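Okay, target.txt now, which holds compact mmCIF, C-alpha atoms and all ligand atoms:
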# COMPACT_ATOMS: atom_id res chain seq x y z
CA MET A 16 -25.48 31.37 -24.06
CA SER A 17 -24.78 27.91 -22.89
CA GLY A 18 -26.69 27.12 -19.72
CA THR A 19 -26.30 23.36 -19.91
CA ALA A 20 -23.66 21.49 -17.94
CA PRO A 21 -21.27 19.36 -20.02
CA THR A 22 -22.25 15.68 -20.28
CA PRO A 23 -20.40 13.70 -17.64
CA ARG A 24 -18.07 10.86 -18.62
CA ARG A 25 -20.19 7.83 -17.75
CA ARG A 26 -19.77 4.08 -17.44
CA ALA A 27 -21.97 1.41 -15.89
CA ILE A 28 -20.32 -1.66 -14.39
CA ARG A 29 -22.29 -4.79 -13.61
CA GLY A 30 -21.18 -7.66 -11.38
CA ARG A 31 -21.25 -9.16 -7.90
CA LEU A 32 -20.28 -6.34 -5.55
CA LEU A 33 -18.26 -6.99 -2.39
CA ASP A 34 -17.13 -4.39 0.11
CA PHE A 35 -16.65 -3.96 3.84
CA LEU A 36 -18.37 -1.64 6.25
CA PRO A 37 -16.77 0.78 8.72
CA GLU A 38 -18.79 -0.66 11.59
CA GLY A 39 -17.67 -4.21 10.69
CA GLY A 40 -19.09 -6.91 8.46
CA TYR A 41 -19.34 -7.05 4.71
CA ARG A 42 -21.86 -6.42 1.98
CA LEU A 43 -22.26 -8.86 -0.93
CA ARG A 44 -24.62 -7.69 -3.66
CA ALA A 45 -25.27 -10.12 -6.52
CA ASP A 46 -26.02 -8.77 -10.02
CA HIS A 47 -25.78 -5.11 -9.11
CA LEU A 48 -24.98 -2.16 -11.28
CA LEU A 49 -22.64 0.63 -10.35
CA LEU A 50 -22.88 3.90 -12.27
CA VAL A 51 -19.74 6.04 -12.56
CA GLU A 52 -19.86 9.68 -13.59
CA ASP A 53 -16.68 11.72 -13.97
CA GLY A 54 -14.67 9.22 -11.93
CA ARG A 55 -17.03 8.91 -8.98
CA ILE A 56 -19.62 6.32 -8.13
CA THR A 57 -22.99 8.05 -8.38
CA GLN A 58 -25.50 5.21 -8.12
CA ILE A 59 -25.60 1.58 -7.06
CA GLY A 60 -28.58 -0.73 -7.32
CA PRO A 61 -29.88 -4.08 -8.49
CA ALA A 62 -29.03 -4.33 -12.20
CA ALA A 63 -32.60 -5.16 -13.20
CA ALA A 64 -33.89 -1.95 -11.61
CA LEU A 65 -31.05 0.42 -12.45
CA LEU A 66 -30.17 -0.61 -15.99
CA PRO A 67 -33.30 0.87 -17.59
CA THR A 68 -32.52 4.26 -16.02
CA VAL A 69 -28.94 4.50 -17.33
CA PRO A 70 -28.68 7.31 -19.94
CA PRO A 71 -28.60 6.02 -23.51
CA GLY A 72 -25.11 5.62 -24.97
CA THR A 73 -23.53 4.75 -21.60
CA PRO A 74 -21.09 1.84 -21.97
CA VAL A 75 -22.06 -1.12 -19.76
CA ASP A 76 -19.30 -3.55 -18.69
CA ALA A 77 -20.84 -6.84 -17.56
CA HIS A 78 -18.70 -9.04 -15.32
CA GLY A 79 -21.22 -11.77 -14.60
CA ASP A 80 -20.59 -13.58 -11.34
CA ARG A 81 -17.08 -12.22 -10.87
CA LEU A 82 -16.44 -10.15 -7.77
CA LEU A 83 -16.25 -6.39 -8.12
CA LEU A 84 -14.37 -4.80 -5.23
CA PRO A 85 -12.78 -1.48 -4.38
CA GLY A 86 -9.26 -1.37 -5.88
CA LEU A 87 -6.63 -2.91 -3.62
CA ILE A 88 -4.38 -0.65 -1.56
CA ASP A 89 -0.69 -1.42 -0.97
CA ALA A 90 0.43 0.49 2.12
CA HIS A 91 4.21 -0.08 1.83
CA LEU A 92 6.56 -0.63 -1.09
CA HIS A 93 9.69 0.79 -2.65
CA PHE A 94 9.77 2.33 -6.12
CA PRO A 95 13.54 1.82 -6.70
CA GLN A 96 13.33 -1.88 -5.84
CA SER A 97 11.36 -3.28 -8.79
CA GLN A 98 14.57 -4.97 -9.99
CA VAL A 99 15.66 -5.98 -6.49
CA ILE A 100 12.70 -8.28 -5.75
CA ALA A 101 13.76 -11.95 -5.48
CA SER A 102 17.35 -11.17 -4.44
CA PRO A 103 18.11 -13.57 -1.59
CA ALA A 104 20.36 -12.42 1.25
CA ARG A 105 21.35 -13.47 4.77
CA ASP A 106 19.13 -10.87 6.43
CA LEU A 107 17.82 -7.33 6.07
CA LEU A 108 21.12 -5.49 6.56
CA ASP A 109 23.00 -7.84 4.19
CA TRP A 110 20.20 -7.43 1.60
CA LEU A 111 20.31 -3.64 1.86
CA GLU A 112 24.10 -3.51 1.37
CA ARG A 113 24.40 -6.14 -1.32
CA HIS A 114 21.33 -5.66 -3.49
CA THR A 115 19.26 -2.64 -2.56
CA PHE A 116 21.63 0.29 -2.15
CA PRO A 117 23.43 -0.46 -5.47
CA ALA A 118 20.07 -0.56 -7.33
CA GLU A 119 18.90 2.68 -5.71
CA ARG A 120 22.03 4.60 -6.82
CA ALA A 121 20.80 4.35 -10.44
CA PHE A 122 17.78 6.55 -9.61
CA ALA A 123 19.97 9.64 -9.63
CA ASP A 124 19.37 9.48 -13.41
CA PRO A 125 15.95 10.99 -14.28
CA ALA A 126 15.71 8.96 -17.52
CA HIS A 127 16.19 5.71 -15.59
CA ALA A 128 13.66 6.83 -12.98
CA ALA A 129 11.11 7.68 -15.69
CA ARG A 130 11.48 4.27 -17.35
CA MET A 131 11.20 2.51 -13.99
CA ALA A 132 8.11 4.59 -13.09
CA ARG A 133 6.28 3.40 -16.20
CA PHE A 134 6.94 -0.22 -15.30
CA PHE A 135 6.21 0.24 -11.60
CA LEU A 136 2.76 1.77 -11.98
CA ALA A 137 1.73 -0.50 -14.84
CA GLU A 138 2.67 -3.52 -12.74
CA LEU A 139 0.76 -2.28 -9.69
CA LEU A 140 -2.35 -1.79 -11.79
CA ARG A 141 -1.94 -5.21 -13.40
CA GLN A 142 -2.04 -6.64 -9.87
CA GLY A 143 -5.27 -4.82 -9.00
CA THR A 144 -3.51 -2.25 -6.80
CA THR A 145 -5.00 1.18 -7.47
CA THR A 146 -3.50 3.10 -4.54
CA ALA A 147 0.03 2.65 -3.22
CA VAL A 148 2.18 4.13 -0.47
CA VAL A 149 5.66 4.37 -1.86
CA TYR A 150 9.26 5.05 -0.83
CA GLY A 151 11.44 6.68 -3.47
CA SER A 152 15.23 6.70 -3.48
CA VAL A 153 17.22 9.49 -1.80
CA HIS A 154 17.04 11.43 -5.08
CA ALA A 155 14.23 13.97 -5.49
CA ALA A 156 14.26 13.00 -9.20
CA SER A 157 12.87 9.58 -8.30
CA ILE A 158 9.74 11.16 -6.82
CA ASP A 159 9.38 13.66 -9.66
CA ALA A 160 9.39 10.75 -12.14
CA LEU A 161 6.93 8.66 -10.14
CA MET A 162 4.51 11.49 -9.38
CA ALA A 163 4.49 12.66 -13.00
CA GLU A 164 3.68 9.17 -14.23
CA ALA A 165 0.98 8.66 -11.55
CA ARG A 166 -0.57 12.00 -12.41
CA ALA A 167 -0.67 11.15 -16.11
CA ARG A 168 -2.52 7.94 -15.21
CA GLY A 169 -4.93 9.72 -12.83
CA LEU A 170 -3.84 7.57 -9.88
CA ARG A 171 -4.23 8.17 -6.19
CA LEU A 172 -0.67 7.71 -4.96
CA LEU A 173 1.32 8.65 -1.86
CA ALA A 174 5.10 8.82 -2.11
CA GLY A 175 8.18 10.46 -0.67
CA LYS A 176 11.92 10.61 -1.22
CA VAL A 177 13.87 8.85 1.51
CA MET A 178 15.91 11.00 3.85
CA MET A 179 19.18 9.24 4.75
CA ASP A 180 22.10 11.43 5.81
CA ARG A 181 23.83 8.43 7.41
CA GLY A 182 23.37 6.25 4.34
CA PRO A 183 26.17 4.57 2.40
CA GLU A 184 28.63 6.36 0.12
CA GLY A 185 26.89 7.90 -2.89
CA LEU A 186 23.43 7.49 -1.41
CA ARG A 187 23.28 10.19 1.24
CA ASP A 188 21.63 13.52 1.64
CA THR A 189 22.42 16.05 4.36
CA VAL A 190 20.01 17.33 6.98
CA GLU A 191 19.64 20.55 5.02
CA GLU A 192 19.19 18.81 1.62
CA GLY A 193 16.72 16.30 3.03
CA VAL A 194 14.53 19.09 4.40
CA ARG A 195 14.84 21.37 1.38
CA GLU A 196 14.20 18.65 -1.20
CA SER A 197 11.28 17.19 0.77
CA ALA A 198 9.74 20.65 1.16
CA GLU A 199 10.16 21.33 -2.56
CA LEU A 200 8.53 18.00 -3.42
CA ILE A 201 5.65 18.80 -1.06
CA ALA A 202 5.15 22.13 -2.80
CA ARG A 203 5.33 20.47 -6.23
CA TRP A 204 3.15 17.41 -5.65
CA HIS A 205 1.25 17.24 -2.35
CA GLY A 206 -2.47 17.66 -3.01
CA VAL A 207 -2.00 17.95 -6.78
CA ASP A 208 -4.82 15.93 -8.32
CA ARG A 209 -4.80 12.66 -6.35
CA LEU A 210 -1.18 12.76 -5.18
CA GLY A 211 0.07 13.00 -1.61
CA TYR A 212 3.47 13.35 0.00
CA LEU A 213 5.02 11.22 2.74
CA ILE A 214 7.97 12.55 4.70
CA SER A 215 10.22 9.48 4.62
CA PRO A 216 13.23 9.16 6.93
CA ARG A 217 14.31 5.70 5.78
CA PHE A 218 14.89 4.20 9.25
CA ALA A 219 16.76 4.97 12.44
CA LEU A 220 20.04 3.52 11.17
CA THR A 221 20.33 5.77 8.11
CA SER A 222 19.48 9.11 9.76
CA SER A 223 21.33 11.25 12.27
CA GLU A 224 19.42 12.50 15.30
CA ALA A 225 19.44 15.92 13.64
CA GLN A 226 17.75 14.48 10.55
CA LEU A 227 15.14 12.61 12.59
CA ALA A 228 14.39 15.86 14.44
CA ALA A 229 14.16 17.72 11.12
CA ALA A 230 11.70 15.11 9.80
CA GLY A 231 9.53 15.64 12.88
CA GLU A 232 9.61 19.41 12.36
CA LEU A 233 8.72 18.99 8.69
CA LEU A 234 5.70 16.86 9.63
CA ALA A 235 4.59 19.45 12.19
CA ALA A 236 4.89 22.14 9.52
CA HIS A 237 2.92 20.07 6.97
CA PRO A 238 0.24 18.29 9.01
CA SER A 239 -1.69 17.14 5.93
CA CYS A 240 1.33 15.10 4.79
CA TRP A 241 2.09 11.62 6.08
CA LEU A 242 5.27 10.19 7.57
CA GLN A 243 6.62 6.73 6.84
CA THR A 244 9.59 4.82 8.18
CA HIS A 245 10.62 1.29 9.18
CA LEU A 246 10.36 -0.01 12.75
CA ALA A 247 11.60 -3.16 14.48
CA GLU A 248 11.91 -5.29 11.37
CA SER A 249 14.86 -7.61 12.01
CA PRO A 250 16.92 -8.72 15.02
CA GLY A 251 20.20 -7.44 13.50
CA GLU A 252 18.67 -4.03 12.83
CA ILE A 253 17.29 -3.76 16.37
CA GLU A 254 20.69 -4.64 17.83
CA ALA A 255 22.32 -1.90 15.75
CA VAL A 256 19.66 0.62 16.81
CA ARG A 257 20.30 -0.24 20.45
CA ALA A 258 24.01 0.47 19.95
CA ARG A 259 23.41 3.74 18.04
CA PHE A 260 20.78 5.16 20.41
CA PRO A 261 21.81 3.95 23.87
CA TRP A 262 19.52 6.48 25.56
CA ALA A 263 16.38 4.88 24.06
CA ARG A 264 14.55 2.24 26.12
CA HIS A 265 13.40 0.65 22.87
CA TYR A 266 13.34 1.26 19.09
CA SER A 267 9.98 3.06 19.13
CA GLU A 268 11.34 5.62 21.58
CA VAL A 269 13.87 6.79 18.99
CA TYR A 270 11.02 7.92 16.73
CA ASP A 271 8.89 9.10 19.65
CA ARG A 272 11.67 11.39 20.90
CA PHE A 273 11.71 13.27 17.60
CA GLY A 274 7.94 13.64 17.22
CA LEU A 275 7.59 11.01 14.52
CA LEU A 276 4.69 9.02 16.04
CA GLY A 277 1.07 9.97 15.43
CA PRO A 278 -2.04 9.26 13.36
CA ARG A 279 -0.37 10.22 10.05
CA THR A 280 2.60 7.91 10.71
CA LEU A 281 3.00 4.59 8.89
CA LEU A 282 5.53 2.25 10.49
CA GLY A 283 6.65 -0.57 8.24
CA HIS A 284 6.99 -4.10 9.69
CA CYS A 285 6.69 -3.76 13.54
CA VAL A 286 7.70 -7.42 13.87
CA HIS A 287 9.62 -7.28 17.14
CA LEU A 288 7.83 -4.89 19.50
CA GLY A 289 7.47 -5.09 23.25
CA GLU A 290 4.19 -4.40 25.00
CA GLU A 291 5.28 -0.90 26.04
CA GLU A 292 5.95 -0.08 22.38
CA ARG A 293 2.64 -1.49 21.18
CA ALA A 294 0.84 0.53 23.83
CA ARG A 295 2.63 3.68 22.73
CA LEU A 296 1.77 3.08 19.06
CA ALA A 297 -1.87 2.58 20.06
CA GLU A 298 -1.86 5.71 22.22
CA THR A 299 -0.43 7.89 19.45
CA GLY A 300 -2.66 6.38 16.73
CA SER A 301 0.39 5.33 14.71
CA VAL A 302 -0.17 2.64 12.07
CA ALA A 303 1.74 -0.65 11.96
CA VAL A 304 2.10 -1.65 8.29
CA LEU A 305 2.51 -5.41 8.12
CA CYS A 306 4.71 -6.84 5.36
CA PRO A 307 4.52 -10.60 5.84
CA THR A 308 6.12 -11.85 2.59
CA SER A 309 9.10 -9.60 3.25
CA ASN A 310 9.45 -10.84 6.80
CA LEU A 311 9.61 -14.43 5.55
CA PHE A 312 11.83 -13.71 2.53
CA LEU A 313 14.43 -11.80 4.57
CA GLY A 314 14.03 -14.10 7.58
CA SER A 315 13.07 -11.12 9.74
CA GLY A 316 10.49 -12.88 11.91
CA LEU A 317 6.80 -13.62 12.44
CA VAL A 318 4.62 -10.67 13.35
CA ASP A 319 2.23 -11.30 16.22
CA LEU A 320 -0.97 -9.93 14.76
CA GLY A 321 -3.01 -10.84 17.80
CA ALA A 322 -0.77 -8.88 20.16
CA LEU A 323 -0.90 -5.81 17.89
CA ALA A 324 -4.68 -6.04 17.44
CA ASP A 325 -5.40 -6.71 21.14
CA PRO A 326 -8.85 -5.12 21.62
CA ARG A 327 -7.78 -3.62 24.97
CA ARG A 328 -5.48 -1.23 23.06
CA PRO A 329 -5.59 -2.07 19.36
CA VAL A 330 -2.76 -0.77 17.20
CA ARG A 331 -4.07 0.49 13.85
CA LEU A 332 -3.04 -1.98 11.15
CA ALA A 333 -2.32 -1.82 7.44
CA LEU A 334 -0.80 -4.22 4.92
CA GLY A 335 1.89 -3.81 2.28
CA THR A 336 3.89 -5.91 -0.17
CA ASP A 337 7.25 -4.26 0.65
CA VAL A 338 8.47 -4.82 -2.89
CA GLY A 339 11.43 -5.53 -3.23
CA GLY A 340 12.09 -7.04 0.25
CA GLY A 341 8.68 -8.64 -0.19
CA SER A 342 8.54 -11.54 -2.58
CA SER A 343 5.33 -10.68 -4.46
CA TRP A 344 3.70 -7.68 -6.12
CA SER A 345 0.31 -9.23 -5.44
CA MET A 346 -1.76 -8.01 -2.50
CA LEU A 347 -3.65 -11.32 -2.73
CA ARG A 348 -0.43 -13.29 -2.15
CA THR A 349 0.59 -10.84 0.58
CA ALA A 350 -2.70 -11.18 2.44
CA ALA A 351 -2.60 -14.97 2.05
CA THR A 352 0.83 -14.96 3.67
CA LEU A 353 -0.50 -12.85 6.53
CA CYS A 354 -3.15 -15.52 7.18
CA ASP A 355 -0.42 -18.21 7.13
CA VAL A 356 1.76 -16.25 9.56
CA ALA A 357 -1.22 -15.67 11.86
CA ARG A 358 -1.73 -19.43 12.09
CA LEU A 359 1.96 -19.93 12.85
CA VAL A 360 1.70 -17.63 15.87
CA GLY A 361 -1.54 -19.24 17.00
CA ARG A 362 -3.94 -16.55 15.78
CA ASP A 363 -6.92 -16.68 13.48
CA TRP A 364 -7.00 -14.21 10.59
CA SER A 365 -9.83 -15.08 8.23
CA PRO A 366 -9.96 -14.48 4.46
CA ILE A 367 -12.67 -11.92 5.18
CA ASP A 368 -10.36 -10.10 7.61
CA ALA A 369 -7.67 -10.22 4.90
CA PHE A 370 -9.85 -8.65 2.20
CA ARG A 371 -11.02 -6.06 4.68
CA LEU A 372 -7.41 -5.11 5.40
CA MET A 373 -6.54 -4.68 1.68
CA THR A 374 -9.48 -2.33 1.10
CA ILE A 375 -11.31 -0.36 3.79
CA ASP A 376 -8.75 -0.85 6.58
CA ASN A 377 -5.82 0.27 4.45
CA ALA A 378 -7.90 3.26 3.32
CA ALA A 379 -8.65 4.09 6.96
CA ALA A 380 -4.98 3.74 7.90
CA LEU A 381 -4.24 6.48 5.36
CA GLY A 382 -7.12 8.67 6.55
CA LEU A 383 -8.73 8.21 3.13
CA ALA A 384 -11.72 6.07 4.14
CA ASP A 385 -14.11 8.81 3.04
CA ARG A 386 -13.08 8.48 -0.62
CA ILE A 387 -11.52 5.08 -1.42
CA GLY A 388 -11.92 1.51 -0.17
CA ARG A 389 -15.71 1.17 -0.45
CA LEU A 390 -18.40 0.86 -3.10
CA GLU A 391 -20.58 3.77 -2.16
CA PRO A 392 -22.01 6.77 -4.01
CA GLY A 393 -19.56 9.66 -3.74
CA PHE A 394 -16.52 7.39 -3.59
CA GLU A 395 -13.79 7.41 -6.24
CA ALA A 396 -14.37 4.64 -8.80
CA ASP A 397 -11.09 2.74 -8.41
CA LEU A 398 -12.24 -0.84 -8.81
CA VAL A 399 -10.98 -4.37 -9.34
CA VAL A 400 -12.77 -7.35 -10.85
CA LEU A 401 -11.56 -10.67 -9.46
CA ASP A 402 -12.27 -14.09 -10.92
CA PRO A 403 -12.30 -16.82 -8.25
CA ALA A 404 -12.20 -19.41 -11.06
CA ALA A 405 -9.26 -17.82 -12.91
CA THR A 406 -7.15 -20.97 -13.24
CA PRO A 407 -8.06 -24.64 -13.72
CA ALA A 408 -7.02 -25.42 -10.14
CA MET A 409 -9.12 -22.54 -8.78
CA ALA A 410 -12.18 -23.55 -10.80
CA HIS A 411 -11.71 -27.15 -9.69
CA ARG A 412 -11.43 -26.18 -6.02
CA LEU A 413 -14.48 -23.90 -6.29
CA GLU A 414 -16.67 -26.89 -7.10
CA ARG A 415 -16.45 -27.63 -3.39
CA ALA A 416 -16.55 -24.07 -2.07
CA HIS A 417 -18.96 -23.32 0.73
CA GLY A 418 -19.93 -19.67 0.87
CA LEU A 419 -18.10 -16.39 0.50
CA GLU A 420 -15.36 -17.07 3.03
CA ASP A 421 -14.35 -20.22 1.17
CA GLU A 422 -14.41 -18.40 -2.16
CA LEU A 423 -12.18 -15.66 -0.76
CA ALA A 424 -9.80 -18.29 0.61
CA VAL A 425 -9.48 -19.70 -2.93
CA LEU A 426 -8.74 -16.22 -4.30
CA LEU A 427 -6.14 -15.56 -1.63
CA HIS A 428 -4.31 -18.84 -1.50
CA LEU A 429 -4.52 -19.90 -5.17
CA GLY A 430 -4.96 -16.49 -6.77
CA ASP A 431 -2.58 -13.80 -7.99
CA ASP A 432 -2.49 -11.45 -10.99
CA ARG A 433 -4.20 -14.14 -13.08
CA ALA A 434 -7.34 -13.59 -11.01
CA VAL A 435 -7.36 -9.85 -11.77
CA ARG A 436 -9.63 -9.60 -14.80
CA ARG A 437 -10.21 -5.86 -14.99
CA VAL A 438 -8.98 -2.80 -13.14
CA TYR A 439 -10.65 0.61 -13.26
CA VAL A 440 -9.13 3.93 -12.28
CA LEU A 441 -11.76 6.63 -11.88
CA GLY A 442 -14.17 4.39 -13.76
CA GLU A 443 -11.91 3.85 -16.79
CA PRO A 444 -10.55 0.38 -17.59
CA VAL A 445 -6.76 0.47 -17.32
CA ALA A 446 -5.54 -3.08 -16.72
CA GLY A 447 -6.38 -6.68 -16.02
CA ALA A 448 -5.79 -10.07 -17.58
CA ASP A 449 -7.81 -9.04 -20.64
CA LEU A 450 -6.02 -5.76 -21.25
CA SER A 451 -2.39 -4.95 -21.95
CA VAL A 452 -0.94 -2.29 -19.66
CA HIS A 453 2.84 -2.17 -19.92
CA ARG A 454 3.96 0.53 -22.30
N1 LIG B 501 14.74 -0.78 6.29
C1 LIG B 501 15.39 0.28 5.79
N2 LIG B 501 15.31 0.32 4.45
C2 LIG B 501 14.59 -0.76 4.09
C3 LIG B 501 14.14 -1.26 2.83
O1 LIG B 501 14.41 -0.73 1.77
N3 LIG B 501 13.41 -2.41 2.87
C4 LIG B 501 13.08 -3.03 4.03
N4 LIG B 501 12.36 -4.14 3.99
N5 LIG B 501 13.49 -2.57 5.22
C5 LIG B 501 14.23 -1.44 5.25
ZN ZN B 502 10.19 -1.15 3.27
Show me this structure written as structure tokens.
Amino acid sequence: MSGTAPTPRRRAIRGRLLDFLPEGGYRLRADHLLLVEDGRITQIGPAAALLPTVPPGTPVDAHGDRLLLPGLIDAHLHFPQSQVIASPARDLLDWLERHTFPAERAFADPAHAARMARFFLAELLRQGTTTAVVYGSVHAASIDALMAEARARGLRLLAGKVMMDRGPEGLRDTVEEGVRESAELIARWHGVDRLGYLISPRFALTSSEAQLAAAGELLAAHPSCWLQTHLAESPGEIEAVRARFPWARHYSEVYDRFGLLGPRTLLGHCVHLGEEERARLAETGSVAVLCPTSNLFLGSGLVDLGALADPRRPVRLALGTDVGGGSSWSMLRTAATLCDVARLVGRDWSPIDAFRLMTIDNAAALGLADRIGRLEPGFEADLVVLDPAATPAMAHRLERAHGLEDELAVLLHLGDDRAVRRVYVLGEPVAGADLSVHR
């Protein structure tokens, strides 16, 4: 008879721990040790005290003075656009027609989707992103390929096929297909291991009213799923929405009418909202997912962070790269750009606020703040090790750094994938500057 439990898979990770607290503020713990057992953090303490208690044979990864944080979370990007990034266009609608829709047509082929999925997830990990919120193409096969690859890598990933019955030739579903394929994907992937499904009507311009209504019904029928779409990104888009939905007082009302707003709803961009819309997003608990590099690259506009975050009725916020409208895979570059944009609209968004957004706030926006985004016993051990002195210019600048905020500013504004030294998924090293990941 075997009464003994199997030995857990263990690893101890030593470094300078940084994370952010739900009630506000941060926690910086120098020379601490974090013990991982079977993918979860089980103990955290000063290295000197905890190290002697670690079971013999446990590997210990020592990261010195580098910062060990929860893995970064990217709350908005597009799987079929990894080869669209850096394709200049006049504006959003021109970019969609000229670059994006042609690239997405290729995802009808499962072999292409599988090859792209391997690159996509390896690249996210290389950038220190351990959880992502992802749009597929209109083809269910794109999500099958992505979910299968994410599952094989043990990743926490949320994704959904786009519904677009008013899309361009060769890239459309029907109301019935959109519902059936989304429901089949939910049955196949939602809640399997660490995977989750997002019902994903692409945006108001590519769906009929019947499809928007069907998406709302699907969300009501699957309340543990999420819903993602795009809202008020560019002036040309908003003009077209006004013409297509003349009964709506504003863009947000189009989604509101069909039951698409709520606490599980992630609305990409939200650049051009009126006060009535912001108030309605706040009231429904909907999340505005900011994509600042995309808004600059496509010339969409400057998001007014301060107006969204107004403490009298704060809209829940998240941050995403929006690859491939966004111009960087790096959440560090994306958050740095958010700080730049905030200054342009006369707001202050500190490096500490920026790191908070990439970790605990993005986790909270997904309703996952009880399992990712913090360094806490019980949490999943998705981690990133960042080196604030990764390049000669960073090391040089650090000689005159004053405190944590300054150090984080260096990481944000001078850092990128070169600063990502090690990435752990469920406590296992999977990527980073020292490890190869593309396969
Ligand atoms: N609006 C509708 N589709 C898209 C997309 O693929 N990217 C961006 N940035 N905006 C969109
Ligand atoms: Zn997008």
Around ligand LIG 501 (chain B), out to 8 Å and counting only C-alpha atoms and all ligand atoms, which residues are there? I want them as a JSON list (two decimals) with C-alpha atoms, in the coordinates of the input.
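Writing the result to result07.json gives the following:
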[["chain", "number", "residue", "atom", "x", "y", "z"],
["A", 93, "HIS", "CA", 9.69, 0.79, -2.65],
["A", 96, "GLN", "CA", 13.33, -1.88, -5.84],
["A", 107, "LEU", "CA", 17.82, -7.33, 6.07],
["A", 108, "LEU", "CA", 21.12, -5.49, 6.56],
["A", 111, "LEU", "CA", 20.31, -3.64, 1.86],
["A", 115, "THR", "CA", 19.26, -2.64, -2.56],
["A", 217, "ARG", "CA", 14.31, 5.70, 5.78],
["A", 218, "PHE", "CA", 14.89, 4.20, 9.25],
["A", 220, "LEU", "CA", 20.04, 3.52, 11.17],
["A", 221, "THR", "CA", 20.33, 5.77, 8.11],
["A", 244, "THR", "CA", 9.59, 4.82, 8.18],
["A", 245, "HIS", "CA", 10.62, 1.29, 9.18],
["A", 246, "LEU", "CA", 10.36, -0.01, 12.75],
["A", 248, "GLU", "CA", 11.91, -5.29, 11.37],
["A", 283, "GLY", "CA", 6.65, -0.57, 8.24],
["A", 284, "HIS", "CA", 6.99, -4.10, 9.69],
["A", 309, "SER", "CA", 9.10, -9.60, 3.25],
["A", 310, "ASN", "CA", 9.45, -10.84, 6.80],
["A", 313, "LEU", "CA", 14.43, -11.80, 4.57],
["A", 337, "ASP", "CA", 7.25, -4.26, 0.65],
["A", 338, "VAL", "CA", 8.47, -4.82, -2.89],
["A", 339, "GLY", "CA", 11.43, -5.53, -3.23],
["A", 340, "GLY", "CA", 12.09, -7.04, 0.25],
["A", 341, "GLY", "CA", 8.68, -8.64, -0.19]]
Subject >> atom CA of A:Glu112 to atom CA of A:Gly182, distance in Å rounded to a single decimal >> reply: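 We find that atom CA of A:Glu112 and atom CA of A:Gly182 lie 10.2 Å from each other.
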What lies within 9 Å of A:Gly447 using only C-alpha atoms, ignoring chain neighbours under 5 positions off, as a PDB file with C-alpha atoms, in the frame of the given file?
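Saved as out_31.pdb:
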ATOM      1  CA  LEU A 140      -2.350  -1.790 -11.790  1.00  0.00           C
ATOM      2  CA  ARG A 141      -1.940  -5.210 -13.400  1.00  0.00           C
ATOM      3  CA  GLN A 142      -2.040  -6.640  -9.870  1.00  0.00           C
ATOM      4  CA  GLY A 143      -5.270  -4.820  -9.000  1.00  0.00           C
ATOM      5  CA  VAL A 399     -10.980  -4.370  -9.340  1.00  0.00           C
ATOM      6  CA  VAL A 400     -12.770  -7.350 -10.850  1.00  0.00           C
ATOM      7  CA  ASP A 432      -2.490 -11.450 -10.990  1.00  0.00           C
ATOM      8  CA  ARG A 433      -4.200 -14.140 -13.080  1.00  0.00           C
ATOM      9  CA  ALA A 434      -7.340 -13.590 -11.010  1.00  0.00           C
ATOM     10  CA  VAL A 435      -7.360  -9.850 -11.770  1.00  0.00           C
ATOM     11  CA  ARG A 436      -9.630  -9.600 -14.800  1.00  0.00           C
ATOM     12  CA  ARG A 437     -10.210  -5.860 -14.990  1.00  0.00           C
ATOM     13  CA  VAL A 438      -8.980  -2.800 -13.140  1.00  0.00           C
ATOM     14  CA  TYR A 439     -10.650   0.610 -13.260  1.00  0.00           C
ATOM     15  CA  VAL A 452      -0.940  -2.290 -19.660  1.00  0.00           C
TER      16      VAL A 452
END
Subject >> Long-range neighbours of A:Ile214 as a list in words, 10 Å cut-off, all atoms listed in the file, 3 positions minimum in chain >> reply: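 Contacts, with the query itself left out: Tyr150, Ala174, Gly175, Lys176, Val177, Met178, Gly193, Val194, Ser197, Ala198, Leu200, Ile201, Arg217, Ala230, Gly231, Leu233, Leu234, His237, Cys240, Trp241, Leu242, Gln243, Thr244, Leu275 and Thr280 of chain A.
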Could you write those residues out with C-alpha atoms, as a short mmCIF file (atom, residue, chain, number, x, y, z; two decimals), in the frame of the given file?
data_model
loop_
_atom_site.label_atom_id
_atom_site.label_comp_id
_atom_site.auth_asym_id
_atom_site.auth_seq_id
_atom_site.Cartn_x
_atom_site.Cartn_y
_atom_site.Cartn_z
CA TYR A 150 9.26 5.05 -0.83
CA ALA A 174 5.10 8.82 -2.11
CA GLY A 175 8.18 10.46 -0.67
CA LYS A 176 11.92 10.61 -1.22
CA VAL A 177 13.87 8.85 1.51
CA MET A 178 15.91 11.00 3.85
CA GLY A 193 16.72 16.30 3.03
CA VAL A 194 14.53 19.09 4.40
CA SER A 197 11.28 17.19 0.77
CA ALA A 198 9.74 20.65 1.16
CA LEU A 200 8.53 18.00 -3.42
CA ILE A 201 5.65 18.80 -1.06
CA ARG A 217 14.31 5.70 5.78
CA ALA A 230 11.70 15.11 9.80
CA GLY A 231 9.53 15.64 12.88
CA LEU A 233 8.72 18.99 8.69
CA LEU A 234 5.70 16.86 9.63
CA HIS A 237 2.92 20.07 6.97
CA CYS A 240 1.33 15.10 4.79
CA TRP A 241 2.09 11.62 6.08
CA LEU A 242 5.27 10.19 7.57
CA GLN A 243 6.62 6.73 6.84
CA THR A 244 9.59 4.82 8.18
CA LEU A 275 7.59 11.01 14.52
CA THR A 280 2.60 7.91 10.71
#
Subject >> Selection near stretch 255-261 of chain A, 10 Å with only C-alpha atoms, sequence-local residues under 2 positions removed, as number ranges by chain >> reply: A: 108, 218-220, 223-224, 247, 250-253, 263-266, 268-269
